[in-house]
file structure-v9.cif (mmCIF, C-alpha atoms)
data_coords
loop_
_atom_site.label_atom_id
_atom_site.label_comp_id
_atom_site.auth_asym_id
_atom_site.auth_seq_id
_atom_site.Cartn_x
_atom_site.Cartn_y
_atom_site.Cartn_z
CA MET A 1 -60.40 -36.09 -130.44
CA ILE A 2 -61.89 -34.54 -127.38
CA VAL A 3 -64.55 -36.57 -125.56
CA PRO A 4 -67.60 -38.64 -126.49
CA PHE A 5 -70.57 -36.60 -127.57
CA GLY A 6 -72.75 -38.07 -124.82
CA HIS A 7 -70.55 -36.67 -122.08
CA VAL A 8 -70.97 -33.10 -123.28
CA PHE A 9 -74.72 -33.62 -123.56
CA LEU A 10 -74.75 -35.10 -120.08
CA LEU A 11 -72.97 -32.00 -118.76
CA ALA A 12 -75.59 -29.81 -120.44
CA GLY A 13 -78.38 -31.94 -118.97
CA VAL A 14 -77.01 -31.72 -115.43
CA ILE A 15 -76.63 -27.94 -115.70
CA PHE A 16 -80.16 -27.65 -117.09
CA THR A 17 -81.51 -29.68 -114.17
CA MET A 18 -79.70 -27.42 -111.71
CA GLY A 19 -81.30 -24.40 -113.33
CA LEU A 20 -84.71 -26.08 -113.14
CA VAL A 21 -84.30 -26.83 -109.44
CA CYS A 22 -83.18 -23.25 -108.79
CA LEU A 23 -86.18 -21.93 -110.73
CA VAL A 24 -88.65 -24.05 -108.79
CA ALA A 25 -87.20 -24.00 -105.28
CA HIS A 26 -86.30 -20.38 -104.60
CA ARG A 27 -88.72 -17.80 -103.28
CA ASN A 28 -86.81 -14.84 -104.65
CA LEU A 29 -87.48 -13.43 -108.08
CA ILE A 30 -83.80 -12.63 -108.65
CA MET A 31 -82.87 -16.24 -108.02
CA THR A 32 -85.63 -17.31 -110.38
CA LEU A 33 -84.02 -15.28 -113.15
CA VAL A 34 -80.65 -16.77 -112.22
CA GLY A 35 -82.18 -20.21 -112.75
CA VAL A 36 -83.40 -19.20 -116.20
CA GLU A 37 -79.88 -17.98 -117.04
CA VAL A 38 -78.39 -21.32 -115.97
CA MET A 39 -80.88 -23.17 -118.17
CA MET A 40 -80.00 -21.00 -121.18
CA ASN A 41 -76.33 -21.66 -120.50
CA ALA A 42 -77.01 -25.40 -120.68
CA ALA A 43 -78.87 -24.99 -123.96
CA ALA A 44 -75.94 -23.04 -125.39
CA ILE A 45 -73.49 -25.80 -124.42
CA ALA A 46 -75.73 -28.39 -126.09
CA PHE A 47 -75.93 -26.33 -129.29
CA VAL A 48 -72.17 -25.81 -129.55
CA ALA A 49 -71.50 -29.50 -128.87
CA ALA A 50 -73.98 -30.46 -131.59
CA ALA A 51 -72.30 -28.03 -133.98
CA LEU A 52 -69.00 -29.83 -133.39
CA ARG A 53 -70.55 -33.29 -133.67
CA TRP A 54 -72.11 -32.69 -137.09
CA GLN A 55 -69.41 -30.24 -138.19
CA LEU A 56 -72.01 -27.62 -139.05
CA MET A 57 -71.99 -23.95 -138.19
CA GLU A 58 -75.74 -23.74 -137.57
CA GLY A 59 -75.34 -24.73 -133.94
CA GLN A 60 -72.99 -21.86 -133.26
CA ALA A 61 -75.28 -19.44 -135.12
CA PHE A 62 -78.19 -20.47 -132.92
CA MET A 63 -76.05 -20.06 -129.84
CA LEU A 64 -75.63 -16.43 -130.89
CA PHE A 65 -79.42 -16.07 -131.08
CA ILE A 66 -79.76 -17.69 -127.65
CA LEU A 67 -77.37 -15.06 -126.35
CA ALA A 68 -79.47 -12.22 -127.78
CA VAL A 69 -82.71 -13.71 -126.46
CA ALA A 70 -81.14 -14.18 -123.03
CA ALA A 71 -80.07 -10.53 -122.99
CA ALA A 72 -83.57 -9.36 -123.89
CA GLU A 73 -85.22 -11.72 -121.42
CA VAL A 74 -83.00 -10.71 -118.53
CA SER A 75 -83.35 -6.98 -119.13
CA VAL A 76 -87.14 -7.11 -119.37
CA GLY A 77 -87.38 -9.56 -116.46
CA LEU A 78 -85.25 -7.41 -114.18
CA ALA A 79 -87.26 -4.31 -115.14
CA LEU A 80 -90.46 -6.17 -114.23
CA VAL A 81 -88.96 -7.30 -110.92
CA VAL A 82 -87.96 -3.72 -110.09
CA SER A 83 -91.43 -2.52 -111.05
CA ALA A 84 -93.08 -5.15 -108.87
CA TYR A 85 -90.77 -4.26 -106.00
CA ARG A 86 -91.68 -0.59 -106.24
CA GLN A 87 -95.36 -1.42 -106.19
CA THR A 88 -95.41 -4.01 -103.43
CA GLY A 89 -92.18 -3.59 -101.47
CA SER A 90 -91.14 -7.20 -101.82
CA ILE A 91 -89.50 -9.55 -104.28
CA ASP A 92 -91.05 -12.61 -102.70
CA PRO A 93 -93.85 -13.86 -104.96
CA ASP A 94 -95.76 -15.06 -101.88
CA HIS A 95 -96.33 -11.43 -100.95
CA TYR A 96 -98.05 -10.53 -104.20
CA ASP A 97 -101.60 -10.63 -102.92
CA ILE A 98 -103.15 -7.33 -103.96
CA LEU A 99 -105.70 -9.25 -105.99
CA LYS A 100 -106.79 -11.12 -102.87
CA TRP A 101 -110.03 -9.69 -101.53
CA MET B 1 -53.51 -36.60 -127.31
CA THR B 2 -54.96 -37.02 -123.87
CA LEU B 3 -54.74 -33.36 -122.97
CA TYR B 4 -58.10 -32.28 -124.40
CA PRO B 5 -60.22 -34.77 -122.41
CA ILE B 6 -58.43 -33.77 -119.19
CA ILE B 7 -59.15 -30.10 -119.91
CA PHE B 8 -62.76 -30.91 -120.67
CA TYR B 9 -63.35 -32.82 -117.45
CA ILE B 10 -61.64 -30.17 -115.35
CA LEU B 11 -63.81 -27.49 -116.96
CA ALA B 12 -66.92 -29.62 -116.45
CA ILE B 13 -66.15 -30.03 -112.75
CA VAL B 14 -65.53 -26.29 -112.38
CA ILE B 15 -68.79 -25.42 -114.14
CA LEU B 16 -70.83 -27.95 -112.16
CA VAL B 17 -69.42 -26.94 -108.78
CA ALA B 18 -69.83 -23.23 -109.47
CA THR B 19 -73.40 -23.71 -110.69
CA ALA B 20 -74.27 -25.90 -107.71
CA LEU B 21 -72.90 -23.28 -105.33
CA ALA B 22 -74.75 -20.53 -107.22
CA ILE B 23 -78.17 -22.12 -107.03
CA THR B 24 -77.91 -22.88 -103.33
CA ARG B 25 -76.82 -19.46 -102.10
CA ARG B 26 -79.22 -17.48 -100.00
CA GLN B 27 -77.90 -14.07 -100.99
CA PRO B 28 -78.36 -13.24 -104.68
CA VAL B 29 -75.04 -11.37 -104.80
CA HIS B 30 -73.11 -14.52 -103.95
CA ALA B 31 -75.17 -16.51 -106.42
CA VAL B 32 -74.37 -14.07 -109.22
CA LEU B 33 -70.67 -14.07 -108.39
CA TYR B 34 -70.55 -17.88 -108.51
CA LEU B 35 -72.50 -17.75 -111.74
CA ILE B 36 -69.80 -15.53 -113.24
CA VAL B 37 -67.28 -18.29 -112.48
CA ALA B 38 -69.57 -20.81 -114.16
CA PHE B 39 -69.93 -18.62 -117.25
CA LEU B 40 -66.18 -18.10 -117.51
CA GLY B 41 -65.78 -21.87 -117.40
CA THR B 42 -68.39 -22.17 -120.12
CA ALA B 43 -66.47 -19.67 -122.24
CA ALA B 44 -63.35 -21.80 -121.88
CA LEU B 45 -65.42 -24.85 -122.82
CA PHE B 46 -66.59 -23.09 -125.99
CA PHE B 47 -62.98 -22.35 -126.81
CA LEU B 48 -62.23 -26.04 -126.41
CA LEU B 49 -65.19 -26.99 -128.60
CA GLY B 50 -63.90 -24.85 -131.46
CA ALA B 51 -65.90 -21.64 -131.09
CA PRO B 52 -63.46 -18.87 -130.14
CA PHE B 53 -65.84 -16.17 -131.38
CA LEU B 54 -68.62 -17.41 -129.11
CA ALA B 55 -66.18 -17.74 -126.21
CA ALA B 56 -65.32 -14.05 -126.57
CA PHE B 57 -69.01 -13.19 -126.80
CA MET B 58 -69.70 -15.24 -123.69
CA VAL B 59 -67.13 -13.29 -121.71
CA ILE B 60 -68.19 -9.90 -123.06
CA LEU B 61 -71.96 -10.31 -122.99
CA TYR B 62 -72.76 -12.80 -120.25
CA THR B 63 -70.15 -12.11 -117.63
CA GLY B 64 -69.50 -8.53 -118.65
CA ALA B 65 -72.97 -7.17 -119.32
CA ILE B 66 -75.75 -9.41 -118.07
CA MET B 67 -74.19 -10.29 -114.72
CA VAL B 68 -73.26 -6.66 -114.06
CA LEU B 69 -76.89 -5.80 -114.79
CA PHE B 70 -77.90 -8.39 -112.21
CA LEU B 71 -75.53 -6.91 -109.65
CA PHE B 72 -76.81 -3.38 -110.23
CA VAL B 73 -80.42 -4.47 -109.87
CA ILE B 74 -79.67 -6.46 -106.69
CA MET B 75 -78.32 -3.26 -105.16
CA LEU B 76 -81.78 -1.71 -105.53
CA PHE B 77 -83.36 -4.21 -103.18
CA GLN B 78 -83.13 -4.61 -99.47
CA PRO B 79 -81.61 -7.93 -98.50
CA SER B 80 -84.43 -10.35 -97.99
CA SER B 81 -84.42 -12.36 -94.80
CA GLY B 82 -86.48 -15.19 -96.18
CA GLY B 83 -85.41 -18.49 -94.75
CA LEU B 84 -84.19 -21.05 -97.22
CA GLY B 85 -83.15 -24.64 -97.14
CA LEU B 86 -86.46 -25.96 -95.92
CA ILE B 87 -86.99 -29.55 -96.88
CA SER B 88 -90.56 -28.76 -97.82
CA GLU B 89 -89.30 -26.36 -100.50
CA TRP B 90 -86.21 -28.17 -101.76
CA GLY B 91 -87.58 -31.67 -101.49
CA PRO B 92 -90.11 -31.57 -104.33
CA ALA B 93 -87.79 -29.51 -106.52
CA THR B 94 -84.92 -31.93 -106.04
CA LEU B 95 -87.19 -34.90 -106.66
CA LEU B 96 -88.38 -33.28 -109.87
CA GLY B 97 -84.80 -32.62 -110.92
CA VAL B 98 -83.67 -36.18 -110.21
CA VAL B 99 -86.53 -37.66 -112.23
CA PHE B 100 -85.87 -35.25 -115.09
CA LEU B 101 -82.16 -36.03 -114.99
CA ALA B 102 -82.73 -39.79 -114.98
CA VAL B 103 -84.91 -39.54 -118.07
CA ALA B 104 -82.37 -37.28 -119.77
CA VAL B 105 -79.46 -39.64 -119.00
CA ALA B 106 -81.43 -42.62 -120.30
CA MET B 107 -82.24 -40.76 -123.51
CA VAL B 108 -78.68 -39.59 -124.07
CA PHE B 109 -77.15 -43.02 -123.64
CA LYS B 110 -79.88 -44.79 -125.56
CA ASP B 111 -78.84 -42.77 -128.60
CA PRO B 112 -76.24 -44.78 -130.54
CA GLY B 113 -74.63 -41.53 -131.65
CA SER B 114 -73.69 -40.57 -128.11
CA GLY B 115 -70.52 -42.63 -128.24
CA ILE B 116 -69.12 -40.70 -131.18
CA VAL B 117 -65.90 -39.03 -130.19
CA LEU B 118 -65.89 -35.37 -131.11
CA GLN B 119 -63.24 -34.37 -133.62
CA GLY B 120 -61.50 -31.11 -132.94
CA ALA B 121 -62.32 -28.27 -135.32
CA VAL B 122 -62.12 -24.50 -135.09
CA VAL B 123 -64.53 -22.10 -136.75
CA ASP B 124 -62.74 -19.04 -138.02
CA PRO B 125 -64.59 -15.90 -136.91
CA ARG B 126 -64.38 -14.51 -140.45
CA ASP B 127 -66.05 -17.60 -141.91
CA PHE B 128 -68.61 -17.54 -139.14
CA GLY B 129 -69.54 -13.94 -139.89
CA HIS B 130 -69.84 -14.61 -143.62
CA PHE B 131 -71.98 -17.66 -142.95
CA LEU B 132 -74.19 -15.76 -140.53
CA PHE B 133 -74.88 -12.82 -142.81
CA ASP B 134 -75.19 -14.94 -145.93
CA ARG B 135 -77.74 -17.41 -144.70
CA TYR B 136 -79.26 -16.05 -141.51
CA TRP B 137 -79.45 -12.33 -142.20
CA LEU B 138 -83.23 -12.34 -141.69
CA ALA B 139 -82.88 -13.96 -138.27
CA ILE B 140 -80.27 -11.34 -137.36
CA GLU B 141 -82.72 -8.61 -138.28
CA ILE B 142 -85.49 -10.26 -136.26
CA VAL B 143 -83.20 -10.53 -133.24
CA SER B 144 -82.29 -6.86 -133.56
CA ILE B 145 -86.00 -5.99 -133.63
CA LEU B 146 -86.47 -8.15 -130.53
CA LEU B 147 -83.76 -6.19 -128.73
CA LEU B 148 -85.38 -2.93 -129.84
CA VAL B 149 -88.75 -4.09 -128.50
CA ALA B 150 -87.12 -5.04 -125.20
CA LEU B 151 -85.56 -1.58 -125.01
CA VAL B 152 -88.92 0.11 -125.65
CA ALA B 153 -90.58 -2.09 -123.03
CA ILE B 154 -87.99 -1.22 -120.40
CA ILE B 155 -88.27 2.50 -121.11
CA GLN B 156 -92.05 2.24 -120.85
CA LEU B 157 -91.82 0.42 -117.52
CA ALA B 158 -89.40 2.97 -116.13
CA LYS B 159 -91.48 5.93 -117.35
CA ARG B 160 -94.68 4.58 -115.87
CA ARG B 161 -92.90 4.01 -112.60
CA ALA B 162 -91.51 7.53 -112.51
CA GLY B 163 -94.83 9.06 -113.52
CA SER B 164 -96.85 7.50 -110.71
CA ASP B 165 -96.37 8.43 -107.10
CA ALA B 166 -93.62 6.69 -105.25
CA VAL B 167 -95.45 3.74 -103.79
CA GLU B 168 -93.24 2.05 -101.28
CA GLN B 169 -95.57 0.44 -98.82
CA ARG B 170 -97.04 -2.93 -99.41
CA GLY B 171 -100.79 -2.81 -99.94
CA THR B 172 -100.88 0.83 -100.92
CA ILE B 173 -102.03 -0.06 -104.41
CA SER B 174 -105.20 -1.66 -103.15
CA ASN B 175 -105.93 1.42 -101.04
CA ARG B 176 -105.48 3.63 -104.04
CA VAL B 177 -107.81 1.48 -106.07
CA LYS B 178 -110.44 1.63 -103.37
CA GLU B 179 -110.20 5.40 -103.26
CA GLY B 180 -110.85 5.55 -106.94
CA HIS B 181 -107.39 6.67 -108.09
CA PRO B 182 -106.03 3.71 -110.00
#
call {"tool": "encode", "arguments": {"input": "structure-v9.cif", "output": "structure tokens"}}
result
Amino acid sequence: MIVPFGHVFLLAGVIFTMGLVCLVAHRNLIMTLVGVEVMMNAAAIAFVAAALRWQLMEGQAFMLFILAVAAAEVSVGLALVVSAYRQTGSIDPDHYDILKW
Amino acid sequence: MTLYPIIFYILAIVILVATALAITRRQPVHAVLYLIVAFLGTAALFFLLGAPFLAAFMVILYTGAIMVLFLFVIMLFQPSSGGLGLISEWGPATLLGVVFLAVAVAMVFKDPGSGIVLQGAVVDPRDFGHFLFDRYWLAIEIVSILLLVALVAIIQLAKRRAGSDAVEQRGTISNRVKEGHP
């Protein structure tokens, strides 16, 4: 007997919203990736809570896949950010204007 | 048995406060350090929810590998002096978040199953591994291919960067294109 299922889902929803706000509001590509990480964290909490609610192991298995996808996403994303920084000298997306004529 | 709910709410407060501090920091280093606290709290939450294997993975992979990768990459950049905290930037984002959260709360509490009290259960790591490789072996293989593809992509990005001239100045690319040396 831990807590009602809705409370855990509410925690996941609040964390997801925080990640969404971070993703939208910041003008720094690193902070954008941090927001994506926070959102994946919320999804993982929701999956593990659902696994406990229905007493199935599928939720935990999918949390493992979320972990692997997050690792791949972050490594490729950070490599792209570094590449963009080397080409433009900035990690502010507002400065990416080499297509502007 | 009122110990588990107390632990859960304490962990929830720790995670929420650490995440809120992380997303409002101006320096990415501070944000990542607060995020490590949030992920450690999440690992403890997984332990409480009966997933000790995933809790260990959370500590090893998220806080041990991914966040250290973040910190190493942040060291490559110069600290940006971009002003933050403008109401014109945070206002719409916060409004969007509040609307999204209101809809999510309404949906969660409309569900009659949300009042079900979770029963404690622990998944043995041995059973979890057997289950994973019995039923989801194909997904495991696909995920491993995904990681391999990510590795190849990163190596390709790094090679192309090292092969071209060191372009540091902003706008140099467009000059190079105009000169006919893409």
call {"tool": "resolve_selection", "arguments": {"input": "structure-v9.cif", "expression": "the PyMOL selection byres ((chain A) within 6 of (chain B))", "output": "JSON list (two decimals) with C-alpha atoms, in the coordinates of the input"}}
result
[["chain", "number", "residue", "atom", "x", "y", "z"],
["A", 1, "MET", "CA", -60.40, -36.09, -130.44],
["A", 2, "ILE", "CA", -61.89, -34.54, -127.38],
["A", 3, "VAL", "CA", -64.55, -36.57, -125.56],
["A", 4, "PRO", "CA", -67.60, -38.64, -126.49],
["A", 5, "PHE", "CA", -70.57, -36.60, -127.57],
["A", 6, "GLY", "CA", -72.75, -38.07, -124.82],
["A", 17, "THR", "CA", -81.51, -29.68, -114.17],
["A", 21, "VAL", "CA", -84.30, -26.83, -109.44],
["A", 22, "CYS", "CA", -83.18, -23.25, -108.79],
["A", 24, "VAL", "CA", -88.65, -24.05, -108.79],
["A", 25, "ALA", "CA", -87.20, -24.00, -105.28],
["A", 53, "ARG", "CA", -70.55, -33.29, -133.67],
["A", 72, "ALA", "CA", -83.57, -9.36, -123.89],
["A", 86, "ARG", "CA", -91.68, -0.59, -106.24],
["A", 87, "GLN", "CA", -95.36, -1.42, -106.19],
["A", 88, "THR", "CA", -95.41, -4.01, -103.43],
["A", 89, "GLY", "CA", -92.18, -3.59, -101.47]]
call {"tool": "closest_residue", "arguments": {"input": "structure-v9.cif", "among": "A:Ala46, A:Leu64, A:Ala70, A:Leu99", "to": "Val34 (chain A)", "atoms": "only C-alpha atoms"}}
result
A:Ala70
call {"tool": "residues_around", "arguments": {"input": "structure-v9.cif", "residues": "Ile91 (chain A)", "least_positions_apart": "3", "cutoff": "7 Å", "atoms": "all atoms listed in the file", "output": "number ranges by chain"}}
result
A: 28-29, 85
call {"tool": "resolve_selection", "arguments": {"input": "structure-v9.cif", "expression": "the PyMOL selection byres ((chain A and resi 44) around 10)", "output": "list in words"}}
result
Ala12, Val38, Met39, Met40, Asn41, Ala42, Ala43, Ile45, Ala46, Phe47, Val48, Ala49, Ala50, Gly59, Gln60, Phe62, Met63, Leu64, Phe65, Ile66 and Leu67 of chain A; Thr42, Phe46 and Leu54 of chain B
call {"tool": "write_last_selection", "arguments": {"input": "structure-v9.cif", "atoms": "C-alpha atoms", "output": "short mmCIF file (atom, residue, chain, number, x, y, z; two decimals), in the coordinates of the input"}}
result
data_model
loop_
_atom_site.label_atom_id
_atom_site.label_comp_id
_atom_site.auth_asym_id
_atom_site.auth_seq_id
_atom_site.Cartn_x
_atom_site.Cartn_y
_atom_site.Cartn_z
CA ALA A 12 -75.59 -29.81 -120.44
CA VAL A 38 -78.39 -21.32 -115.97
CA MET A 39 -80.88 -23.17 -118.17
CA MET A 40 -80.00 -21.00 -121.18
CA ASN A 41 -76.33 -21.66 -120.50
CA ALA A 42 -77.01 -25.40 -120.68
CA ALA A 43 -78.87 -24.99 -123.96
CA ILE A 45 -73.49 -25.80 -124.42
CA ALA A 46 -75.73 -28.39 -126.09
CA PHE A 47 -75.93 -26.33 -129.29
CA VAL A 48 -72.17 -25.81 -129.55
CA ALA A 49 -71.50 -29.50 -128.87
CA ALA A 50 -73.98 -30.46 -131.59
CA GLY A 59 -75.34 -24.73 -133.94
CA GLN A 60 -72.99 -21.86 -133.26
CA PHE A 62 -78.19 -20.47 -132.92
CA MET A 63 -76.05 -20.06 -129.84
CA LEU A 64 -75.63 -16.43 -130.89
CA PHE A 65 -79.42 -16.07 -131.08
CA ILE A 66 -79.76 -17.69 -127.65
CA LEU A 67 -77.37 -15.06 -126.35
CA THR B 42 -68.39 -22.17 -120.12
CA PHE B 46 -66.59 -23.09 -125.99
CA LEU B 54 -68.62 -17.41 -129.11
#
call {"tool": "atom_distance", "arguments": {"input": "structure-v9.cif", "atom1": "CA of Gly19 (chain A)", "atom2": "CA of Val17 (chain B)"}}
result
13.0 Å
call {"tool": "closest_residue", "arguments": {"input": "structure-v9.cif", "among": "A:Met18, A:Leu23, A:Ala51, A:Ala84", "to": "Val36 (chain A)", "atoms": "all atoms listed in the file"}}
result
A:Leu23
call {"tool": "atom_distance", "arguments": {"input": "structure-v9.cif", "atom1": "CA of His95 (chain A)", "atom2": "CA of Ile36 (chain B)"}}
result
29.5 Å
call {"tool": "atom_distance", "arguments": {"input": "structure-v9.cif", "atom1": "CA of Thr63 (chain B)", "atom2": "CA of Leu33 (chain B)"}}
result
9.5 Å
call {"tool": "decode", "arguments": {"input": "structure-v9.cif", "residues": "region 26-38 of chain A", "atoms": "N, CA and C atoms", "output": "compact mmCIF listing (two decimals), in the first residue's frame"}}
result
# COMPACT_ATOMS: atom_id res chain seq x y z
N HIS A 26 13.60 28.40 -23.10
CA HIS A 26 15.01 28.75 -23.10
C HIS A 26 15.52 29.03 -24.50
N ARG A 27 16.52 29.92 -24.56
CA ARG A 27 17.17 30.20 -25.83
C ARG A 27 18.60 29.67 -25.81
N ASN A 28 18.73 28.44 -25.40
CA ASN A 28 20.04 27.82 -25.28
C ASN A 28 19.84 26.35 -25.63
N LEU A 29 20.58 25.87 -26.60
CA LEU A 29 20.30 24.51 -27.09
C LEU A 29 20.57 23.46 -26.03
N ILE A 30 21.54 23.72 -25.13
CA ILE A 30 21.81 22.78 -24.05
C ILE A 30 20.59 22.66 -23.14
N MET A 31 20.00 23.82 -22.82
CA MET A 31 18.83 23.78 -21.95
C MET A 31 17.63 23.14 -22.64
N THR A 32 17.59 23.25 -23.95
CA THR A 32 16.53 22.55 -24.69
C THR A 32 16.66 21.04 -24.52
N LEU A 33 17.89 20.54 -24.63
CA LEU A 33 18.10 19.10 -24.43
C LEU A 33 17.82 18.70 -23.00
N VAL A 34 18.13 19.58 -22.05
CA VAL A 34 17.79 19.29 -20.65
C VAL A 34 16.27 19.14 -20.49
N GLY A 35 15.52 20.00 -21.19
CA GLY A 35 14.06 19.88 -21.14
C GLY A 35 13.57 18.55 -21.68
N VAL A 36 14.19 18.09 -22.78
CA VAL A 36 13.80 16.80 -23.33
C VAL A 36 14.11 15.67 -22.33
N GLU A 37 15.24 15.79 -21.64
CA GLU A 37 15.59 14.78 -20.63
C GLU A 37 14.55 14.74 -19.51
N VAL A 38 14.13 15.93 -19.07
CA VAL A 38 13.12 15.98 -17.99
C VAL A 38 11.83 15.32 -18.45
